[in-house]
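Q: This one is final05.tsv, TSV, C-alpha atoms (C1' of nucleotides).
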chain	number	residue	atom	x	y	z
P	1	MET	CA	-53.96	-4.49	144.94
P	2	LYS	CA	-54.36	-2.22	141.95
P	3	ILE	CA	-52.84	-3.61	138.81
P	4	ILE	CA	-52.21	-2.19	135.36
P	5	TYR	CA	-51.62	-4.82	132.69
P	6	PHE	CA	-49.53	-4.29	129.57
P	7	GLY	CA	-49.84	-6.87	126.82
P	8	SER	CA	-50.70	-7.62	123.21
P	9	SER	CA	-50.03	-11.14	121.95
P	10	LYS	CA	-51.65	-14.51	122.39
P	11	PHE	CA	-49.16	-15.41	125.09
P	12	SER	CA	-50.10	-12.25	126.87
P	13	LEU	CA	-53.78	-13.03	126.54
P	14	ILE	CA	-53.40	-16.41	128.24
P	15	VAL	CA	-51.49	-14.79	131.08
P	16	LEU	CA	-54.17	-12.14	131.44
P	17	GLU	CA	-57.06	-14.59	131.41
P	18	ASN	CA	-55.52	-16.72	134.10
P	19	LEU	CA	-54.64	-13.72	136.16
P	20	CYS	CA	-58.26	-12.57	136.12
P	21	ARG	CA	-59.44	-16.04	136.94
P	22	ALA	CA	-57.18	-16.01	139.97
P	23	GLY	CA	-58.83	-12.84	141.18
P	24	PHE	CA	-56.23	-10.32	140.05
P	25	VAL	CA	-58.36	-8.30	137.68
P	26	PRO	CA	-56.45	-5.28	136.41
P	27	ALA	CA	-57.88	-1.80	136.75
P	28	LEU	CA	-56.52	-0.85	133.36
P	29	ILE	CA	-55.20	-2.71	130.34
P	30	VAL	CA	-52.68	-1.13	128.02
P	31	SER	CA	-52.27	-2.72	124.60
P	32	GLN	CA	-50.84	-1.89	121.20
P	33	PRO	CA	-52.93	0.18	118.81
P	34	ASP	CA	-55.05	-1.65	116.24
P	35	LYS	CA	-53.01	-2.64	113.26
P	36	PRO	CA	-53.94	-3.52	109.73
P	37	LYS	CA	-53.52	-7.23	109.32
P	38	GLY	CA	-55.11	-10.19	107.66
P	39	ARG	CA	-56.75	-10.36	104.26
P	40	GLY	CA	-57.94	-7.02	103.04
P	41	LEU	CA	-55.56	-5.34	105.46
P	42	LYS	CA	-58.33	-4.39	107.82
P	43	SER	CA	-57.42	-2.83	111.08
P	44	ASN	CA	-57.80	-5.33	113.89
P	45	PRO	CA	-57.45	-4.98	117.65
P	46	THR	CA	-54.86	-7.11	119.45
P	47	GLU	CA	-56.11	-10.20	121.24
P	48	VAL	CA	-55.58	-8.48	124.55
P	49	SER	CA	-57.64	-5.48	123.40
P	50	GLU	CA	-60.43	-7.80	122.38
P	51	TYR	CA	-60.42	-9.40	125.79
P	52	ALA	CA	-60.55	-6.01	127.50
P	53	GLN	CA	-63.58	-5.03	125.46
P	54	LYS	CA	-65.29	-8.32	126.10
P	55	THR	CA	-64.81	-8.07	129.85
P	56	ASN	CA	-65.39	-4.34	130.12
P	57	ILE	CA	-62.01	-3.62	131.64
P	58	ALA	CA	-60.72	-0.11	130.95
P	59	LEU	CA	-58.45	-0.15	127.91
P	60	ILE	CA	-56.06	2.26	126.28
P	61	LYS	CA	-54.00	1.61	123.15
P	62	PRO	CA	-51.55	4.47	122.87
P	63	SER	CA	-49.26	4.64	119.88
P	64	SER	CA	-46.57	6.10	122.11
P	65	LEU	CA	-45.99	5.79	125.84
P	66	LYS	CA	-43.85	8.88	125.92
P	67	SER	CA	-46.57	11.45	125.53
P	68	GLY	CA	-47.36	13.37	128.70
P	69	LYS	CA	-51.04	12.79	128.24
P	70	VAL	CA	-50.68	9.02	128.28
P	71	ILE	CA	-48.33	9.07	131.24
P	72	ASN	CA	-50.71	11.26	133.20
P	73	GLU	CA	-53.60	9.00	132.43
P	74	ILE	CA	-51.73	5.96	133.64
P	75	ALA	CA	-50.44	7.81	136.69
P	76	GLY	CA	-54.03	8.73	137.51
P	77	PHE	CA	-54.74	5.12	138.35
P	78	ALA	CA	-52.19	5.15	141.18
P	79	ALA	CA	-51.36	1.50	140.61
P	80	ASP	CA	-49.54	-0.75	143.05
P	81	LEU	CA	-48.22	-3.02	140.36
P	82	PHE	CA	-47.56	-3.10	136.65
P	83	ILE	CA	-47.58	-6.46	134.95
P	84	ILE	CA	-45.99	-6.52	131.53
P	85	ALA	CA	-46.20	-9.60	129.32
P	86	ASP	CA	-45.34	-9.44	125.66
P	87	TYR	CA	-46.49	-5.86	125.28
P	88	GLY	CA	-44.23	-5.10	122.36
P	89	LYS	CA	-42.78	-1.81	123.45
P	90	ILE	CA	-40.22	-0.79	126.01
P	91	LEU	CA	-41.61	1.25	128.88
P	92	PRO	CA	-39.97	4.64	129.42
P	93	LYS	CA	-38.41	5.58	132.74
P	94	GLU	CA	-41.27	7.91	133.68
P	95	LEU	CA	-43.68	4.99	133.60
P	96	LEU	CA	-41.44	2.49	135.33
P	97	SER	CA	-41.31	4.65	138.42
P	98	LEU	CA	-45.08	4.93	138.75
P	99	PRO	CA	-46.20	1.72	140.47
P	100	LYS	CA	-45.89	1.71	144.26
P	101	ILE	CA	-44.44	-1.79	144.43
P	102	ALA	CA	-42.82	-2.49	141.07
P	103	PRO	CA	-43.25	-2.95	137.35
P	104	LEU	CA	-43.08	-6.71	136.82
P	105	GLY	CA	-42.26	-8.45	133.58
P	106	VAL	CA	-43.26	-11.99	132.66
P	107	HIS	CA	-40.86	-13.55	130.17
P	108	PRO	CA	-41.03	-17.07	128.74
P	109	SER	CA	-37.39	-18.04	129.13
P	110	LEU	CA	-34.84	-18.59	131.85
P	111	LEU	CA	-33.35	-15.12	131.83
P	112	PRO	CA	-30.73	-14.00	131.05
P	113	ALA	CA	-31.05	-16.57	128.26
P	114	TYR	CA	-33.27	-15.72	125.30
P	115	ARG	CA	-34.01	-12.10	125.96
P	116	GLY	CA	-36.16	-10.50	123.31
P	117	PRO	CA	-39.27	-11.18	121.28
P	118	ALA	CA	-39.10	-14.87	120.31
P	119	PRO	CA	-37.64	-16.88	123.22
P	120	ILE	CA	-39.99	-19.83	122.89
P	121	ASN	CA	-39.31	-20.34	119.22
P	122	TRP	CA	-35.57	-20.14	119.58
P	123	ALA	CA	-35.49	-22.59	122.46
P	124	LEU	CA	-37.28	-25.08	120.20
P	125	ILE	CA	-35.13	-24.35	117.17
P	126	ASN	CA	-32.06	-25.04	119.26
P	127	GLY	CA	-33.52	-28.30	120.49
P	128	ASP	CA	-33.29	-27.32	124.16
P	129	LYS	CA	-34.50	-29.85	126.69
P	130	GLU	CA	-35.78	-27.28	129.11
P	131	THR	CA	-36.82	-23.68	129.28
P	132	GLY	CA	-38.87	-21.73	131.77
P	133	VAL	CA	-40.54	-18.55	132.85
P	134	SER	CA	-39.02	-15.60	134.60
P	135	ILE	CA	-40.69	-12.89	136.63
P	136	PHE	CA	-38.45	-9.87	136.72
P	137	LYS	CA	-38.41	-6.25	137.71
P	138	MET	CA	-38.77	-4.29	134.51
P	139	ASN	CA	-36.15	-1.70	133.74
P	140	GLU	CA	-35.38	0.38	130.69
P	141	GLY	CA	-33.54	-2.42	128.93
P	142	LEU	CA	-34.97	-5.25	126.89
P	143	ASP	CA	-35.67	-8.02	129.42
P	144	THR	CA	-32.64	-7.05	131.44
P	145	GLY	CA	-34.20	-6.37	134.84
P	146	ASP	CA	-33.43	-8.20	138.07
P	147	VAL	CA	-35.09	-11.59	138.32
P	148	VAL	CA	-37.63	-12.08	141.10
P	149	LEU	CA	-38.60	-15.69	140.52
P	150	GLN	CA	-37.99	-18.38	137.94
P	151	LYS	CA	-39.38	-21.77	137.14
P	152	LYS	CA	-37.90	-24.39	134.87
P	153	ILE	CA	-40.16	-26.23	132.47
P	154	PRO	CA	-39.05	-29.33	130.58
P	155	ILE	CA	-39.55	-29.32	126.82
P	156	ASN	CA	-41.13	-32.60	125.73
P	157	ASP	CA	-40.47	-34.23	122.44
P	158	ALA	CA	-44.10	-33.64	121.51
P	159	ASP	CA	-44.01	-29.94	122.29
P	160	ASN	CA	-44.31	-27.36	119.55
P	161	ALA	CA	-44.62	-23.60	119.47
P	162	TYR	CA	-48.32	-23.76	120.34
P	163	THR	CA	-48.16	-26.15	123.24
P	164	LEU	CA	-45.08	-24.53	124.71
P	165	HIS	CA	-46.60	-21.07	124.45
P	166	ALA	CA	-49.65	-22.23	126.34
P	167	LYS	CA	-47.64	-24.13	128.91
P	168	LEU	CA	-45.31	-21.25	129.62
P	169	ALA	CA	-48.12	-18.73	129.80
P	170	ILE	CA	-50.01	-20.83	132.32
P	171	GLU	CA	-46.91	-21.54	134.38
P	172	GLY	CA	-45.98	-17.88	134.09
P	173	VAL	CA	-49.18	-16.84	135.78
P	174	LYS	CA	-48.70	-19.36	138.58
P	175	VAL	CA	-45.23	-18.12	139.27
P	176	LEU	CA	-46.40	-14.55	139.06
P	177	ILE	CA	-49.14	-15.10	141.61
P	178	GLU	CA	-46.66	-16.88	143.83
P	179	ALA	CA	-44.34	-13.90	143.62
P	180	ILE	CA	-46.84	-11.17	144.43
P	181	PRO	CA	-47.31	-11.61	148.20
P	182	GLY	CA	-43.65	-11.37	149.17
P	183	LEU	CA	-42.82	-8.73	146.61
P	184	LYS	CA	-42.33	-5.74	148.83
P	185	LYS	CA	-39.78	-7.53	150.92
P	186	CYS	CA	-37.77	-9.23	148.26
P	187	ILE	CA	-37.77	-6.47	145.69
P	188	CYS	CA	-34.82	-4.67	147.25
P	189	ALA	CA	-32.68	-7.76	147.62
P	190	LEU	CA	-32.58	-8.79	143.99
P	191	LYS	CA	-29.50	-9.82	142.12
P	192	PRO	CA	-28.85	-8.44	138.65
P	193	GLN	CA	-28.82	-10.77	135.63
P	194	SER	CA	-25.48	-12.08	134.56
P	195	GLU	CA	-24.56	-10.35	131.34
P	196	GLU	CA	-22.02	-13.04	130.65
P	197	PHE	CA	-24.66	-15.72	130.14
P	198	SER	CA	-27.19	-13.58	128.36
P	199	SER	CA	-28.44	-14.35	124.89
P	200	PHE	CA	-30.88	-12.72	122.53
P	201	ALA	CA	-33.85	-14.27	120.74
P	202	PRO	CA	-34.65	-12.06	117.76
P	203	LYS	CA	-38.03	-11.91	116.13
P	204	LEU	CA	-38.46	-14.59	113.49
P	205	ALA	CA	-38.61	-13.59	109.86
P	206	LYS	CA	-40.40	-15.42	107.09
P	207	GLU	CA	-37.03	-16.53	105.79
P	208	ASP	CA	-36.25	-18.25	109.11
P	209	GLY	CA	-38.85	-20.87	108.26
P	210	LYS	CA	-37.17	-21.99	105.07
P	211	ILE	CA	-35.96	-25.55	105.32
P	212	ASN	CA	-32.35	-26.27	104.58
P	213	TRP	CA	-32.28	-29.93	103.56
P	214	GLY	CA	-28.53	-30.11	103.81
P	215	THR	CA	-28.68	-30.70	107.53
P	216	GLU	CA	-29.76	-33.39	109.99
P	217	ALA	CA	-33.39	-34.49	110.19
P	218	ILE	CA	-33.55	-33.64	113.86
P	219	ARG	CA	-32.75	-30.01	113.16
P	220	ILE	CA	-35.41	-29.77	110.50
P	221	ARG	CA	-37.95	-31.27	112.83
P	222	ASN	CA	-36.99	-28.76	115.50
P	223	LEU	CA	-37.57	-26.00	113.00
P	224	VAL	CA	-40.96	-27.43	112.13
P	225	ARG	CA	-42.14	-27.48	115.70
P	226	ALA	CA	-40.55	-24.16	116.55
P	227	THR	CA	-42.15	-22.22	113.73
P	228	LEU	CA	-45.59	-23.85	113.74
P	229	GLY	CA	-48.21	-21.17	113.28
P	230	TRP	CA	-45.78	-18.51	112.18
P	231	PRO	CA	-43.71	-18.28	110.08
P	232	SER	CA	-43.96	-22.07	109.51
P	233	ALA	CA	-41.24	-24.32	108.17
P	234	TYR	CA	-41.62	-24.46	104.43
P	235	ALA	CA	-40.06	-26.00	101.34
P	236	TYR	CA	-40.89	-26.02	97.67
P	237	TYR	CA	-42.26	-28.97	95.74
P	238	LYS	CA	-42.66	-28.48	91.99
P	239	ASN	CA	-42.41	-24.73	92.53
P	240	LYS	CA	-45.21	-24.63	95.03
P	241	MET	CA	-44.64	-23.63	98.58
P	242	ILE	CA	-45.47	-26.36	101.05
P	243	LYS	CA	-45.62	-25.66	104.75
P	244	ILE	CA	-44.73	-28.57	106.98
P	245	ILE	CA	-47.13	-28.83	109.89
P	246	ASP	CA	-46.02	-32.02	111.58
P	247	SER	CA	-42.99	-34.23	111.14
P	248	GLU	CA	-40.95	-36.94	112.80
P	249	VAL	CA	-37.38	-38.14	112.67
P	250	ILE	CA	-36.93	-41.70	111.40
P	251	PHE	CA	-33.64	-43.19	112.49
P	252	GLU	CA	-32.57	-44.78	109.24
P	253	GLN	CA	-29.78	-44.02	106.90
P	254	PRO	CA	-31.09	-42.16	103.86
P	255	GLN	CA	-30.77	-43.97	100.52
P	256	ASN	CA	-30.68	-40.74	98.56
P	257	LYS	CA	-29.15	-37.32	98.59
P	258	PRO	CA	-30.69	-34.75	100.92
P	259	SER	CA	-34.08	-33.32	99.83
P	260	ILE	CA	-34.93	-36.40	97.73
P	261	ILE	CA	-38.01	-38.44	98.66
P	262	ASP	CA	-36.74	-41.75	99.94
P	263	ARG	CA	-40.00	-43.54	100.57
P	264	ILE	CA	-43.74	-42.95	100.73
P	265	ASP	CA	-46.41	-44.75	102.70
P	266	LYS	CA	-49.73	-43.97	104.35
P	267	GLU	CA	-47.97	-42.48	107.33
P	268	GLY	CA	-46.20	-39.85	105.35
P	269	ILE	CA	-43.46	-38.77	103.02
P	270	TYR	CA	-39.91	-39.74	104.00
P	271	VAL	CA	-37.29	-37.28	102.87
P	272	SER	CA	-33.54	-37.79	102.96
P	273	THR	CA	-31.35	-35.44	104.95
P	274	THR	CA	-27.66	-35.58	105.79
P	275	ARG	CA	-28.52	-37.78	108.73
P	276	ASN	CA	-31.66	-39.88	109.17
P	277	LEU	CA	-34.96	-39.39	107.39
P	278	LEU	CA	-37.54	-36.72	107.97
P	279	LYS	CA	-41.07	-38.09	107.88
P	280	ILE	CA	-43.53	-35.40	106.84
P	281	LYS	CA	-46.87	-36.24	108.41
P	282	ARG	CA	-49.03	-33.20	107.82
P	283	LEU	CA	-48.55	-30.30	105.47
P	284	LYS	CA	-50.26	-27.32	103.94
P	285	PRO	CA	-49.80	-26.49	100.27
P	286	GLN	CA	-49.92	-22.92	99.05
P	287	GLY	CA	-53.51	-21.70	98.89
P	288	LYS	CA	-54.89	-24.89	100.40
P	289	ASN	CA	-56.01	-26.19	103.71
P	290	GLU	CA	-53.83	-28.31	105.89
P	291	MET	CA	-53.89	-32.03	105.02
P	292	ASP	CA	-52.27	-35.40	105.69
P	293	ALA	CA	-49.10	-35.96	103.76
P	294	TYR	CA	-50.61	-39.04	102.14
P	295	SER	CA	-53.62	-37.09	100.88
P	296	PHE	CA	-51.19	-34.75	99.23
P	297	VAL	CA	-49.37	-37.68	97.68
P	298	ILE	CA	-52.62	-39.06	96.28
P	299	GLY	CA	-53.79	-35.83	94.74
P	300	HIS	CA	-50.45	-34.68	93.37
P	301	LYS	CA	-48.92	-37.92	92.22
P	302	VAL	CA	-45.88	-37.50	94.41
P	303	ALA	CA	-43.28	-40.17	93.65
P	304	VAL	CA	-40.17	-41.57	95.26
P	305	GLY	CA	-37.18	-39.74	93.85
P	306	ASP	CA	-38.98	-36.39	93.62
P	307	LYS	CA	-37.18	-33.51	95.15
P	308	PHE	CA	-37.95	-30.73	97.62
P	309	GLU	CA	-36.23	-27.41	97.41
O	2	C	C1'	-61.85	-1.35	97.68
O	3	G	C1'	-53.48	-4.06	98.86
O	4	C	C1'	-51.86	-8.75	95.63
O	5	G	C1'	-52.97	-13.89	94.53
O	6	G	C1'	-54.88	-19.28	94.78
O	7	G	C1'	-59.25	-22.20	95.67
O	8	G	C1'	-64.65	-24.24	96.64
O	9	U	C1'	-66.22	-31.03	91.73
O	10	G	C1'	-69.23	-38.25	95.75
O	11	G	C1'	-65.85	-39.47	102.69
O	12	A	C1'	-60.12	-37.48	101.38
O	13	G	C1'	-56.73	-35.28	97.75
O	14	C	C1'	-56.99	-33.81	92.70
O	15	A	C1'	-58.19	-33.64	86.98
O	16	G	C1'	-61.84	-31.64	83.68
O	17	C	C1'	-63.02	-25.27	82.64
O	18	C	C1'	-59.10	-21.74	78.02
O	19	A	C1'	-61.51	-24.34	72.42
O	20	G	C1'	-69.91	-25.76	76.21
O	21	G	C1'	-72.68	-31.64	74.54
O	22	U	C1'	-74.40	-38.04	79.02
O	23	A	C1'	-68.85	-36.54	85.99
O	24	G	C1'	-63.10	-38.69	85.57
O	25	C	C1'	-58.31	-40.18	88.40
O	26	U	C1'	-55.79	-41.90	92.86
O	27	C	C1'	-57.35	-43.22	97.76
O	28	G	C1'	-61.09	-44.53	101.27
O	29	C	C1'	-65.69	-47.30	102.04
O	30	A	C1'	-69.05	-51.96	101.03
O	31	A	C1'	-69.53	-56.85	98.92
O	32	G	C1'	-67.17	-60.93	96.51
O	33	G	C1'	-62.61	-63.47	94.80
O	34	C	C1'	-57.34	-65.00	95.18
O	35	U	C1'	-54.22	-66.26	99.34
O	36	C	C1'	-51.57	-69.90	105.06
O	37	A	C1'	-52.38	-64.75	105.44
O	38	U	C1'	-52.46	-59.44	104.59
O	39	A	C1'	-52.35	-52.94	105.09
O	40	A	C1'	-50.75	-56.67	98.82
O	41	C	C1'	-53.52	-58.22	94.28
O	42	C	C1'	-58.27	-59.02	91.09
O	43	U	C1'	-63.73	-58.09	90.35
O	44	U	C1'	-68.10	-55.61	91.32
O	45	G	C1'	-70.79	-51.83	93.90
O	46	A	C1'	-72.69	-47.61	96.86
O	47	G	C1'	-72.02	-42.46	97.21
O	48	G	C1'	-72.15	-35.98	93.69
O	49	U	C1'	-78.28	-30.30	93.53
O	50	C	C1'	-69.94	-29.85	90.10
O	51	A	C1'	-70.46	-23.49	96.82
O	52	A	C1'	-75.25	-20.35	95.97
O	53	C	C1'	-78.37	-17.26	92.94
O	54	G	C1'	-79.33	-15.12	88.22
O	55	G	C1'	-78.09	-14.65	82.79
O	56	U	C1'	-76.56	-16.45	77.64
O	57	U	C1'	-77.61	-21.17	74.93
O	58	C	C1'	-81.10	-26.45	71.80
O	59	A	C1'	-77.44	-27.73	75.69
O	60	A	C1'	-73.42	-24.94	81.28
O	61	A	C1'	-68.88	-28.00	86.19
O	62	U	C1'	-67.30	-25.47	81.66
O	63	C	C1'	-69.14	-18.76	79.07
O	64	C	C1'	-71.11	-13.84	81.60
O	65	G	C1'	-72.76	-11.29	86.23
O	66	U	C1'	-73.65	-11.15	91.58
O	67	U	C1'	-73.10	-13.27	96.54
O	68	C	C1'	-71.14	-16.52	100.36
O	69	C	C1'	-67.06	-19.42	102.31
O	70	C	C1'	-61.70	-21.27	102.67
O	71	C	C1'	-56.46	-20.33	102.04
O	72	G	C1'	-51.43	-18.04	100.69
O	73	C	C1'	-48.61	-13.37	100.24
O	74	A	C1'	-48.16	-9.00	102.69
O	75	A	C1'	-48.33	-6.88	107.74
Turn the structure described in the file into structure tokens.

A:
Amino acid sequence: MKIIYFGSSKFSLIVLENLCRAGFVPALIVSQPDKPKGRGLKSNPTEVSEYAQKTNIALIKPSSLKSGKVINEIAGFAADLFIIADYGKILPKELLSLPKIAPLGVHPSLLPAYRGPAPINWALINGDKETGVSIFKMNEGLDTGDVVLQKKIPINDADNAYTLHAKLAIEGVKVLIEAIPGLKKCICALKPQSEEFSSFAPKLAKEDGKINWGTEAIRIRNLVRATLGWPSAYAYYKNKMIKIIDSEVIFEQPQNKPSIIDRIDKEGIYVSTTRNLLKIKRLKPQGKNEMDAYSFVIGHKVAVGDKFE
RNA sequence: CGCGGGGUGGAGCAGCCAGGUAGCUCGCAAGGCUCAUAACCUUGAGGUCAACGGUUCAAAUCCGUUCCCCGCAA
């Protein structure tokens, strides 16, 4: 079984690692070109590229998949299967027809729900109780191909963007491996996705992390766990940006207007919302390391009645 | 060389601009008060003020260099 793997992100890396561990080592890895990121804007390889270099698997990072040169190079591998997980670009028709069996996508949602780049985050923002992974036959659309196999995964109360990413990536590989043996047979009998029930999960913007205090505590907490890592749920305290790392809903009626600090103890800072209190447990002030909410209180003389914005 | 914040006892901060015996809140230890306590009172331990060099009678503080952490931006 000759596999070509397309991927870029952390999610993709976990899928790739587990795939290799299971014995499906790709003949070629295709990732996004190095991009300037981080402090100093240095050009850095994607996590998948790094892995390829570390393990000495052939790697290409084309800036475009449409050039004849790139297509020829990929065609030269005569692959049986493409596996595409969070690659970041749509594959053109010429490429999709190359693999002998099929181009397979791994997507961390129950398609046709949450098509697009940020399905995990949006499932958390919306407070969903379950999500899942889908293995589908890639076509020219954005996560619109016929579904081969799906698995539902419950979302626990303790889950956040990190844990759910990891969980879905690991489950995704399992389902993928399960799907491979019977592929040839089932690939022609697939049913198309229902357009009627489809939804789109757009990429998150910095602004999506901004906390709106004029809502229920539960929704703010969902935002906190959904955006952990990036872009992070944030608010302003005395004109400084504070990212909320960990929070909890306290089922008590707030004594103050939304965004006012209702109570403080060693466990955290309790902020009023339109319904219930939001307990901030860990946070990260602008330019500082992450810390317990109480440490922040101690160093910054935070008082009951102070306001977040 | 993209822009910016920061490195001060275990934690979070003040002090730096206008150099002159290291401070605050918390934690920790011991003692006290108390039926009792995470509450309160008293006492105490713990710091080469990131590193190196310079200026000075004197540097956490001024000047220079280096290392490390973080935010923005992507």

Q: May I have the protein, DNA and RNA residues with any atom at most 10 Å from the point (-52.8, -33.0, 100.6), counting all atoms listed in the file, written as an MDAnalysis selection string?

A: (chainID P and resid 242 282:285 288:300) or (chainID O and resid 12:14)

Q: Quick check, in Å to one decimal: how far apart do atom CA of P:Ile135 and atom CA of P:Val148 lie?

A: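 Rounded to one decimal, the two atoms are 5.5 Å apart.
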
Q: What's around P:Phe308 at 6 Å? Count only C-alpha atoms (C1' of nucleotides), leave out sequence neighbours fewer than 5 positions away in its own chain, and write the answer as a list in words.

A: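 The residues that qualify are Tyr236, Tyr237 and Ser259 of chain P.
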
Q: To one decimal place in Å, what is the distance between atom CA of P:Leu16 and atom CA of P:Gly88?

A: 15.2 Å

Q: Which of these residues is nearest to P:Glu196, using all atoms listed in the file: P:Thr227, P:Lys42, P:Pro112, P:Pro36?

A: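 Closest candidate: P:Pro112.
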
Q: Using only C-alpha atoms (C1' of nucleotides), which chain O residues lie at most 10 Å away from chain P, written as a VMD selection string?

A: chain O and resid 2 to 7 12 to 15 25 to 27 39 70 to 75

Q: Tell me, as a PyMOL selection string, which residues lie within 9 Å of P:Asp143, counting all atoms listed in the file; anything in the same chain fewer than 3 positions away does not count.

A: chain P and resi 105+107+111-112+115-116+136-140+146

Q: Can you tell me which residues surround O:U43 at a distance of at most 12 Å, considering only C-alpha atoms (C1' of nucleotides), apart from same-chain residues fewer than 6 positions away, and format the answer as a list in words?

A: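 Everything that qualifies: A31, G32, G33 and C34 of chain O.
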
Q: Next, the residues of the selection above should be written as a tab-separated table (two decimals), in the frame of the given file with C-alpha atoms (C1' of nucleotides).

A:
chain	number	residue	atom	x	y	z
O	31	A	C1'	-69.53	-56.85	98.92
O	32	G	C1'	-67.17	-60.93	96.51
O	33	G	C1'	-62.61	-63.47	94.80
O	34	C	C1'	-57.34	-65.00	95.18

Q: Between P:Ala205, P:Leu278, P:Ala78, P:Ile264, which has the minimum distance to P:Ala217 (counting all atoms listed in the file)?

A: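 Using all atoms listed in the file, the shortest distance to P:Ala217 belongs to P:Leu278.
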
Q: Counting all atoms listed in the file, figure out which residue out of O:U67, O:U62, O:C42, O:A51 gets nearest to O:G8.

A: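 Going through O:U67, O:U62, O:C42, O:A51 one by one, the smallest distance to O:G8 is for O:A51.
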
Q: Excluding O:A46 and its own-chain neighbours fewer than 5 positions away, which residues fall within 12 Å of it when counting all atoms listed in the file? Please give them as JSON, numbers by chain.

A: {"O": [10, 29, 30, 31]}

Q: Within 6 Å of (-75.2, -13.6, 80.0), all atoms listed in the file: residues as a PDB file with C-alpha atoms (C1' of nucleotides), keeping the file's coordinate frame?

A:
ATOM      1  C1'   G O  55     -78.090 -14.650  82.790  1.00  0.00           C
ATOM      2  C1'   U O  56     -76.560 -16.450  77.640  1.00  0.00           C
ATOM      3  C1'   C O  64     -71.110 -13.840  81.600  1.00  0.00           C
TER       4        C O  64
END

Q: Using all atoms listed in the file, find the one residue out of P:Pro202, P:Pro117, P:Gly214, P:Pro192 that sits nearest to P:Val147.

A: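 Nearest to P:Val147: P:Pro192.
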
Q: Could you name the residues that touch P:Phe6 at 6 Å or less, counting only C-alpha atoms (C1' of nucleotides), but leaving out those on the same chain fewer than 6 positions away, as a PDB file with C-alpha atoms, in the frame of the given file?

A:
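Contents of the output file part.pdb:
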ATOM      1  CA  ILE P  29     -55.200  -2.710 130.340  1.00  0.00           C
ATOM      2  CA  VAL P  30     -52.680  -1.130 128.020  1.00  0.00           C
ATOM      3  CA  SER P  31     -52.270  -2.720 124.600  1.00  0.00           C
ATOM      4  CA  ILE P  84     -45.990  -6.520 131.530  1.00  0.00           C
ATOM      5  CA  TYR P  87     -46.490  -5.860 125.280  1.00  0.00           C
TER       6      TYR P  87
END

Q: Quick one: distance from atom CA of P:Gln255 to atom CA of P:Thr274 in Å, one decimal?

A: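 Going from atom CA of P:Gln255 over to atom CA of P:Thr274, I get 10.4 Å.
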
Q: For P:Asp128, which of P:Val175, P:Ala226, P:Asp262, P:Ile170 is the closest residue, counting all atoms listed in the file?

A: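 Checking each of P:Val175, P:Ala226, P:Asp262, P:Ile170 against P:Asp128, counting all atoms listed in the file, the winner is P:Ala226.
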